[in-house]
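Below is final37.cif, holding mmCIF, C-alpha atoms.
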data_query
#
loop_
_atom_site.label_atom_id
_atom_site.label_comp_id
_atom_site.auth_asym_id
_atom_site.auth_seq_id
_atom_site.Cartn_x
_atom_site.Cartn_y
_atom_site.Cartn_z
CA MET A 1 157.12 49.73 144.93
CA ALA A 2 156.09 49.64 148.56
CA ALA A 3 157.28 52.53 150.68
CA THR A 4 158.02 50.37 153.70
CA HIS A 5 160.87 47.88 153.53
CA PRO A 6 160.34 45.12 156.04
CA ARG A 7 163.62 44.00 157.57
CA GLY A 8 162.24 41.04 159.40
CA MET A 9 159.57 38.39 159.60
CA LYS A 10 156.27 39.65 160.96
CA ARG A 11 155.20 37.68 164.02
CA ASP A 12 151.70 37.04 162.72
CA LEU A 13 153.22 35.06 159.84
CA MET A 14 153.13 32.26 162.42
CA ASP A 15 149.37 31.96 161.73
CA ILE A 16 150.05 31.35 158.02
CA ILE A 17 153.11 29.06 157.92
CA CYS A 18 153.52 25.45 158.96
CA CYS A 19 156.06 22.62 158.75
CA PRO A 20 156.50 21.83 155.03
CA LEU A 21 156.91 18.14 155.82
CA ASP A 22 153.89 17.33 158.00
CA LYS A 23 151.89 20.63 158.07
CA HIS A 24 151.98 20.87 161.88
CA ASP A 25 152.38 24.17 163.74
CA LEU A 26 155.79 25.74 164.27
CA ASP A 27 157.29 27.20 167.45
CA LEU A 28 159.15 30.49 167.08
CA ASP A 29 162.49 31.05 168.84
CA VAL A 30 163.71 34.63 168.38
CA GLU A 31 167.46 35.37 168.37
CA SER A 32 167.25 38.99 167.25
CA GLU A 33 164.49 41.40 166.30
CA GLU A 34 164.01 44.91 165.00
CA ASP A 35 160.80 46.94 165.41
CA ASP A 36 158.98 43.79 166.59
CA GLU A 37 159.97 41.89 163.42
CA VAL A 38 162.11 38.79 163.67
CA VAL A 39 165.52 39.20 162.00
CA ALA A 40 167.10 35.94 163.14
CA GLY A 41 165.80 32.86 164.88
CA THR A 42 164.50 29.38 164.35
CA LEU A 43 161.17 27.73 163.67
CA THR A 44 160.69 24.27 165.14
CA CYS A 45 157.96 21.83 164.18
CA THR A 46 155.82 20.97 167.21
CA ASP A 47 155.37 17.45 165.85
CA CYS A 48 158.46 16.17 164.02
CA GLY A 49 160.96 18.54 165.69
CA GLU A 50 162.60 19.64 162.42
CA THR A 51 164.06 23.14 162.69
CA TYR A 52 164.00 25.88 160.05
CA PRO A 53 166.24 28.95 160.19
CA ILE A 54 165.14 32.58 159.96
CA GLU A 55 168.10 34.43 158.43
CA ASP A 56 168.26 38.11 157.53
CA GLY A 57 164.53 38.34 158.21
CA ILE A 58 163.58 35.55 155.78
CA PRO A 59 162.26 32.22 157.07
CA ASN A 60 163.77 29.31 155.14
CA LEU A 61 160.98 26.75 155.08
CA LEU A 62 162.47 24.47 152.47
CA PRO A 63 162.56 20.82 153.47
CA PRO A 64 166.07 20.03 154.82
CA ASP A 65 167.11 18.15 151.67
CA MET A 66 166.42 21.22 149.48
CA ARG A 67 168.25 23.81 151.58
CA GLU A 68 171.56 24.14 149.73
CA GLU A 69 172.23 27.45 147.98
CA THR A 70 172.85 26.10 144.48
CA PRO A 71 170.21 24.59 142.19
CA ALA A 72 170.02 20.87 141.36
CA MET B 1 159.67 25.05 118.54
CA THR B 2 161.35 28.43 118.51
CA GLY B 3 161.12 29.41 122.16
CA THR B 4 163.97 27.62 123.84
CA GLY B 5 165.03 28.69 127.30
CA GLU B 6 168.22 30.16 125.90
CA ASP B 7 166.39 32.23 123.26
CA LEU B 8 163.90 33.57 125.74
CA ALA B 9 166.52 34.18 128.38
CA SER B 10 168.59 36.28 126.01
CA ARG B 11 165.54 37.97 124.50
CA ARG B 12 164.44 38.95 127.98
CA GLY B 13 167.92 40.11 128.92
CA VAL B 14 168.32 37.83 131.90
CA GLU B 15 171.91 37.82 133.09
CA THR B 16 171.30 37.64 136.82
CA ASP B 17 170.29 35.00 139.34
CA VAL B 18 166.72 36.29 139.52
CA TYR B 19 164.09 36.44 136.77
CA ASP B 20 163.33 40.07 136.00
CA PRO B 21 159.74 41.16 135.46
CA ALA B 22 158.65 40.80 131.84
CA GLU B 23 155.41 40.84 129.85
CA ASP B 24 154.16 37.75 131.67
CA SER B 25 154.73 39.34 135.09
CA ARG B 26 152.96 42.53 134.04
CA LEU B 27 149.94 40.70 132.61
CA LEU B 28 149.57 38.65 135.81
CA ALA B 29 150.00 41.72 138.05
CA ASP B 30 147.39 43.70 136.09
CA VAL B 31 144.80 40.92 136.34
CA ALA B 32 145.57 40.31 140.02
CA CYS B 33 145.09 44.00 140.86
CA ASP B 34 141.54 43.72 139.44
CA GLU B 35 140.76 40.46 141.24
CA VAL B 36 142.19 41.13 144.72
CA SER B 37 140.34 43.01 147.46
CA ALA B 38 141.97 45.02 150.24
CA ASP B 39 141.04 42.48 152.94
CA ASP B 40 142.37 39.46 151.00
CA LEU B 41 145.43 37.52 152.03
CA VAL B 42 147.44 36.78 148.90
CA LEU B 43 150.38 34.45 148.17
CA ASP B 44 152.58 35.03 145.12
CA VAL B 45 154.34 31.74 144.38
CA GLY B 46 157.70 31.95 142.59
CA THR B 47 157.77 35.66 143.34
CA GLY B 48 161.24 36.20 141.80
CA SER B 49 162.00 39.92 141.85
CA GLY B 50 158.83 40.47 143.89
CA TYR B 51 157.34 42.55 141.10
CA VAL B 52 153.89 40.90 141.03
CA ALA B 53 153.63 40.76 144.83
CA ALA B 54 154.69 44.40 145.31
CA THR B 55 152.45 45.63 142.48
CA VAL B 56 149.40 43.84 143.87
CA ALA B 57 150.12 45.02 147.42
CA ASP B 58 150.46 48.62 146.24
CA GLY B 59 147.47 48.44 143.92
CA THR B 60 145.00 46.81 146.31
CA ASP B 61 146.27 47.37 149.90
CA ALA B 62 145.99 43.60 150.41
CA ARG B 63 148.64 41.73 152.39
CA VAL B 64 150.72 39.84 149.82
CA LEU B 65 153.38 37.26 150.70
CA GLY B 66 156.04 36.24 148.21
CA ALA B 67 157.44 32.70 148.17
CA ASP B 68 160.42 31.49 146.19
CA LEU B 69 162.79 28.52 146.10
CA ASN B 70 165.69 30.80 145.16
CA PRO B 71 167.43 32.58 148.07
CA HIS B 72 168.54 35.43 145.79
CA ALA B 73 164.91 35.98 144.76
CA CYS B 74 163.77 35.97 148.39
CA ARG B 75 166.28 38.69 149.30
CA ARG B 76 165.44 40.76 146.24
CA ALA B 77 161.68 40.49 146.87
CA ARG B 78 162.20 41.43 150.51
CA ASP B 79 164.22 44.48 149.40
CA ALA B 80 161.29 45.41 147.13
CA GLY B 81 159.08 45.55 150.23
CA VAL B 82 157.58 42.05 149.97
CA GLU B 83 157.19 39.69 152.94
CA ALA B 84 159.34 36.85 151.65
CA VAL B 85 159.35 33.16 152.56
CA ARG B 86 161.80 30.64 151.10
CA ALA B 87 159.55 27.78 150.11
CA ASP B 88 158.96 24.90 147.71
CA LEU B 89 155.71 26.05 146.03
CA VAL B 90 152.99 26.13 148.74
CA ALA B 91 154.46 23.40 151.01
CA PRO B 92 154.97 25.47 154.22
CA PHE B 93 151.62 27.31 154.23
CA CYS B 94 148.61 26.48 156.38
CA ASP B 95 145.44 24.87 155.06
CA GLY B 96 142.86 27.39 153.91
CA ALA B 97 145.14 30.39 154.49
CA PHE B 98 144.85 32.35 151.24
CA ASP B 99 142.06 34.14 149.38
CA VAL B 100 144.13 34.41 146.21
CA VAL B 101 147.27 32.56 145.07
CA THR B 102 149.12 33.98 142.06
CA PHE B 103 151.78 32.06 140.12
CA ASN B 104 153.85 32.93 137.07
CA PRO B 105 155.49 29.52 136.83
CA PRO B 106 158.63 28.31 135.11
CA TYR B 107 156.92 27.01 132.01
CA LEU B 108 159.35 26.57 129.12
CA PRO B 109 159.89 23.02 127.94
CA ALA B 110 163.46 22.10 128.86
CA ASP B 111 165.84 21.97 125.95
CA ALA B 112 168.98 19.95 126.56
CA ALA B 113 171.02 22.34 124.39
CA ALA B 114 169.84 25.30 126.43
CA ALA B 115 170.30 23.69 129.83
CA ARG B 116 172.05 26.20 132.04
CA ASP B 117 172.12 24.40 135.38
CA ASP B 118 171.71 27.65 137.29
CA TRP B 119 169.00 29.59 139.08
CA MET B 120 167.79 31.11 135.82
CA GLU B 121 167.11 27.68 134.38
CA VAL B 122 165.10 26.87 137.50
CA ALA B 123 163.17 30.11 136.95
CA LEU B 124 162.43 29.41 133.30
CA THR B 125 161.96 25.71 132.67
CA GLY B 126 159.22 23.38 133.77
CA GLY B 127 160.77 20.06 132.87
CA GLU B 128 160.44 18.18 129.56
CA THR B 129 156.84 19.23 128.95
CA GLY B 130 157.10 22.65 130.57
CA ARG B 131 154.29 21.56 132.89
CA GLU B 132 156.08 19.69 135.68
CA VAL B 133 156.24 22.63 138.09
CA VAL B 134 152.70 23.76 137.21
CA GLU B 135 151.40 20.25 137.85
CA ALA B 136 153.19 19.97 141.20
CA PHE B 137 151.67 23.34 142.11
CA LEU B 138 148.16 22.24 141.06
CA ASP B 139 148.54 19.05 143.12
CA ASP B 140 148.83 21.03 146.37
CA VAL B 141 147.42 24.54 145.90
CA ALA B 142 143.79 23.65 146.76
CA ARG B 143 144.96 22.79 150.27
CA VAL B 144 146.07 26.36 151.05
CA LEU B 145 143.05 28.11 149.50
CA ALA B 146 140.23 29.53 151.60
CA PRO B 147 136.79 28.04 150.73
CA ASP B 148 136.06 30.79 148.18
CA GLY B 149 139.67 31.24 147.21
CA SER B 150 141.01 31.39 143.68
CA VAL B 151 144.23 30.85 141.78
CA LEU B 152 145.52 33.24 139.13
CA LEU B 153 147.91 31.23 136.95
CA LEU B 154 149.90 32.52 134.01
CA VAL B 155 150.06 29.97 131.18
CA SER B 156 151.80 30.20 127.81
CA THR B 157 150.94 28.46 124.57
CA LEU B 158 154.49 27.05 124.87
CA THR B 159 153.27 25.17 127.94
CA GLY B 160 149.86 24.19 126.60
CA VAL B 161 146.81 26.04 127.94
CA GLU B 162 144.46 23.12 127.19
CA GLU B 163 146.72 20.61 128.93
CA VAL B 164 147.01 22.82 132.02
CA THR B 165 143.25 23.42 132.08
CA ALA B 166 142.61 19.67 131.81
CA TYR B 167 145.07 18.89 134.62
CA ALA B 168 143.50 21.57 136.84
CA GLY B 169 140.09 20.01 136.07
CA GLU B 170 141.34 16.65 137.34
CA ARG B 171 142.29 18.42 140.57
CA GLY B 172 138.76 19.84 140.96
CA PHE B 173 139.25 23.30 139.47
CA SER B 174 137.24 25.00 136.78
CA ALA B 175 139.18 27.49 134.71
CA ALA B 176 138.31 30.77 133.02
CA ALA B 177 140.69 32.86 130.93
CA LEU B 178 140.69 36.43 132.26
CA ALA B 179 143.22 37.99 129.90
CA ASP B 180 145.60 37.11 127.15
CA HIS B 181 148.39 38.75 125.23
CA SER B 182 149.92 37.50 121.99
CA PHE B 183 153.56 37.70 120.98
CA PRO B 184 155.25 36.37 117.84
CA PHE B 185 156.55 33.33 119.75
CA GLU B 186 153.81 32.68 122.30
CA THR B 187 150.44 33.77 123.64
CA LEU B 188 150.20 34.38 127.37
CA THR B 189 146.94 33.71 129.21
CA VAL B 190 145.95 34.33 132.81
CA LEU B 191 143.68 31.53 134.03
CA LYS B 192 141.47 31.99 137.07
CA LEU B 193 140.95 28.65 138.78
CA VAL B 194 138.12 28.13 141.26
CA ARG B 195 136.68 25.05 142.90
#
Starting from the file, give its structure as structure tokens.
Amino acid sequence: MAATHPRGMKRDLMDIICCPLDKHDLDLDVESEEDDEVVAGTLTCTDCGETYPIEDGIPNLLPPDMREETPA
Amino acid sequence: MTGTGEDLASRRGVETDVYDPAEDSRLLADVACDEVSADDLVLDVGTGSGYVAATVADGTDARVLGADLNPHACRRARDAGVEAVRADLVAPFCDGAFDVVTFNPPYLPADAAAARDDWMEVALTGGETGREVVEAFLDDVARVLAPDGSVLLLVSTLTGVEEVTAYAGERGFSAAALADHSFPFETLTVLKLVR
């Protein structure tokens, strides 16, 4: 297993992820960070305006209708 | 049909919310370590425990992201050192982003008697045919591949290797089997898909 345990989202992930609905770029709004990695914040689509949370260092890029914690 | 979700789940000792690495994960990780170069950007779809992503990252020095629908899997993968993204297949990733996409999909045909209605069922079953999740993946994965990118897809005889190969062909991919491993109840194959 990897020796380093990332606690947050790396900022350059912004070059790799997009809005799952319309594939447009996302804007990053940082609420808290640790060692230059984003621990909490939001990602907002520059086109449709949908927002996606970053919680505990993990961006949740599920479409809004799939976000609940339990399956089906 | 002997390989119901319930049988396999108990045979593989899955009692948790996250699919633990098994023979299929190890076969896919081994093949991916041979195929991935240090400067590749890799996405492991349905990363689960993060085993394949972490093994490929350690074995190749490539940057490997892990995506999963399941929040428990995302946290566990992250704790295993994987950059995790909660995602529906490849939906939130940019066009042309990845050199290699790996996927050990939920592939067991659903069995009404074995339906569990929990995260483990999501991790194991691919709808009535076992191919629904694989097909949804194949419908969109070309979009996120770099021009010379490839897909490493684990397929079981329980899912139908010929059917998956034919579907991938309809989506513009040619397939080659890189490795396979036989068990009493199924044979696992890793397909490399290129355009």
When the PyMOL selection byres ((chain B and resi 155) around 6) is applied to the file above, which residues end up in the set, as a short mmCIF file (atom, residue, chain, number, x, y, z; two decimals) with C-alpha atoms, in the frame of the given file?
data_model
loop_
_atom_site.label_atom_id
_atom_site.label_comp_id
_atom_site.auth_asym_id
_atom_site.auth_seq_id
_atom_site.Cartn_x
_atom_site.Cartn_y
_atom_site.Cartn_z
CA LEU B 154 149.90 32.52 134.01
CA SER B 156 151.80 30.20 127.81
CA LEU B 188 150.20 34.38 127.37
CA THR B 189 146.94 33.71 129.21
#
*Considering all atoms listed in the file, return as a ChimeraX atom specification whatever protein or nucleic-acid residues lie within 12 Å of Asp180 in chain B, sequence-local ones (same chain, fewer than 3 positions apart) excluded.*
/B:23-24,26-28,30-31,153-157,161,176-177,183,186-192
*Reference answer for the PyMOL selection byres ((chain B and resi 45) around 9), as a PyMOL selection string*: chain B and resi 43-44+46-48+65-68+87-90+101-105
*Which of B:Leu41, B:Ala168, B:Glu162, B:Asp20 sits closest to Asp140 in chain B [using only C-alpha atoms]*: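 Between B:Leu41, B:Ala168, B:Glu162, B:Asp20, the residue approaching Asp140 in chain B most closely is B:Ala168.
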*So which one's closest to chain A, B:Ala97, B:Val56, B:Val36, B:Ala73? Using only C-alpha atoms, please.*
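With only C-alpha atoms as the atom set, the closest residue is B:Ala97.
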*Provide as a PyMOL selection string the residues of chain B at most 8 Å from chain A, counting only C-alpha atoms.*
chain B and resi 54-55+57-58+69-71+74-75+78-88+91-94+97+117-119+122
Evaluated on this file, the PyMOL selection byres ((chain A and resi 30) around 7) picks out some residues - which ones are they, written as a PDB file with C-alpha atoms, keeping the file's coordinate frame?
ATOM      1  CA  LEU A  28     159.150  30.490 167.080  1.00  0.00           C
ATOM      2  CA  ASP A  29     162.490  31.050 168.840  1.00  0.00           C
ATOM      3  CA  GLU A  31     167.460  35.370 168.370  1.00  0.00           C
ATOM      4  CA  SER A  32     167.250  38.990 167.250  1.00  0.00           C
ATOM      5  CA  VAL A  38     162.110  38.790 163.670  1.00  0.00           C
ATOM      6  CA  ALA A  40     167.100  35.940 163.140  1.00  0.00           C
ATOM      7  CA  GLY A  41     165.800  32.860 164.880  1.00  0.00           C
ATOM      8  CA  THR A  42     164.500  29.380 164.350  1.00  0.00           C
TER       9      THR A  42
END
If I wrap all listed atoms of range 30-36 of chain B in a box with edges along x, y and z and add 4 Å on each side, what are its centre and edge lengths in Å to one decimal, as lines of an AutoDock Vina configuration file?
center_x = 144.1
center_y = 42.2
center_z = 140.4
size_x = 14.6
size_y = 11.7
size_z = 16.6
_Coordinates-based distance that separates CA of His72 in chain B from CA of Gly49 in chain A (Å, one decimal)_ =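 Interatomic distance, CA of Gly49 in chain A to CA of His72 in chain B: 27.2 Å.
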*If you measure from CA of Asp61 in chain B to CA of Leu152 in chain B, what distance in Å do you get, rounded to one decimal?*
17.8 Å
*Which distance in Å separates CA of Arg11 in chain A and CA of Ala136 in chain B, to one decimal?*
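Computing the Euclidean distance for CA of Arg11 in chain A and CA of Ala136 in chain B yields 29.0 Å.
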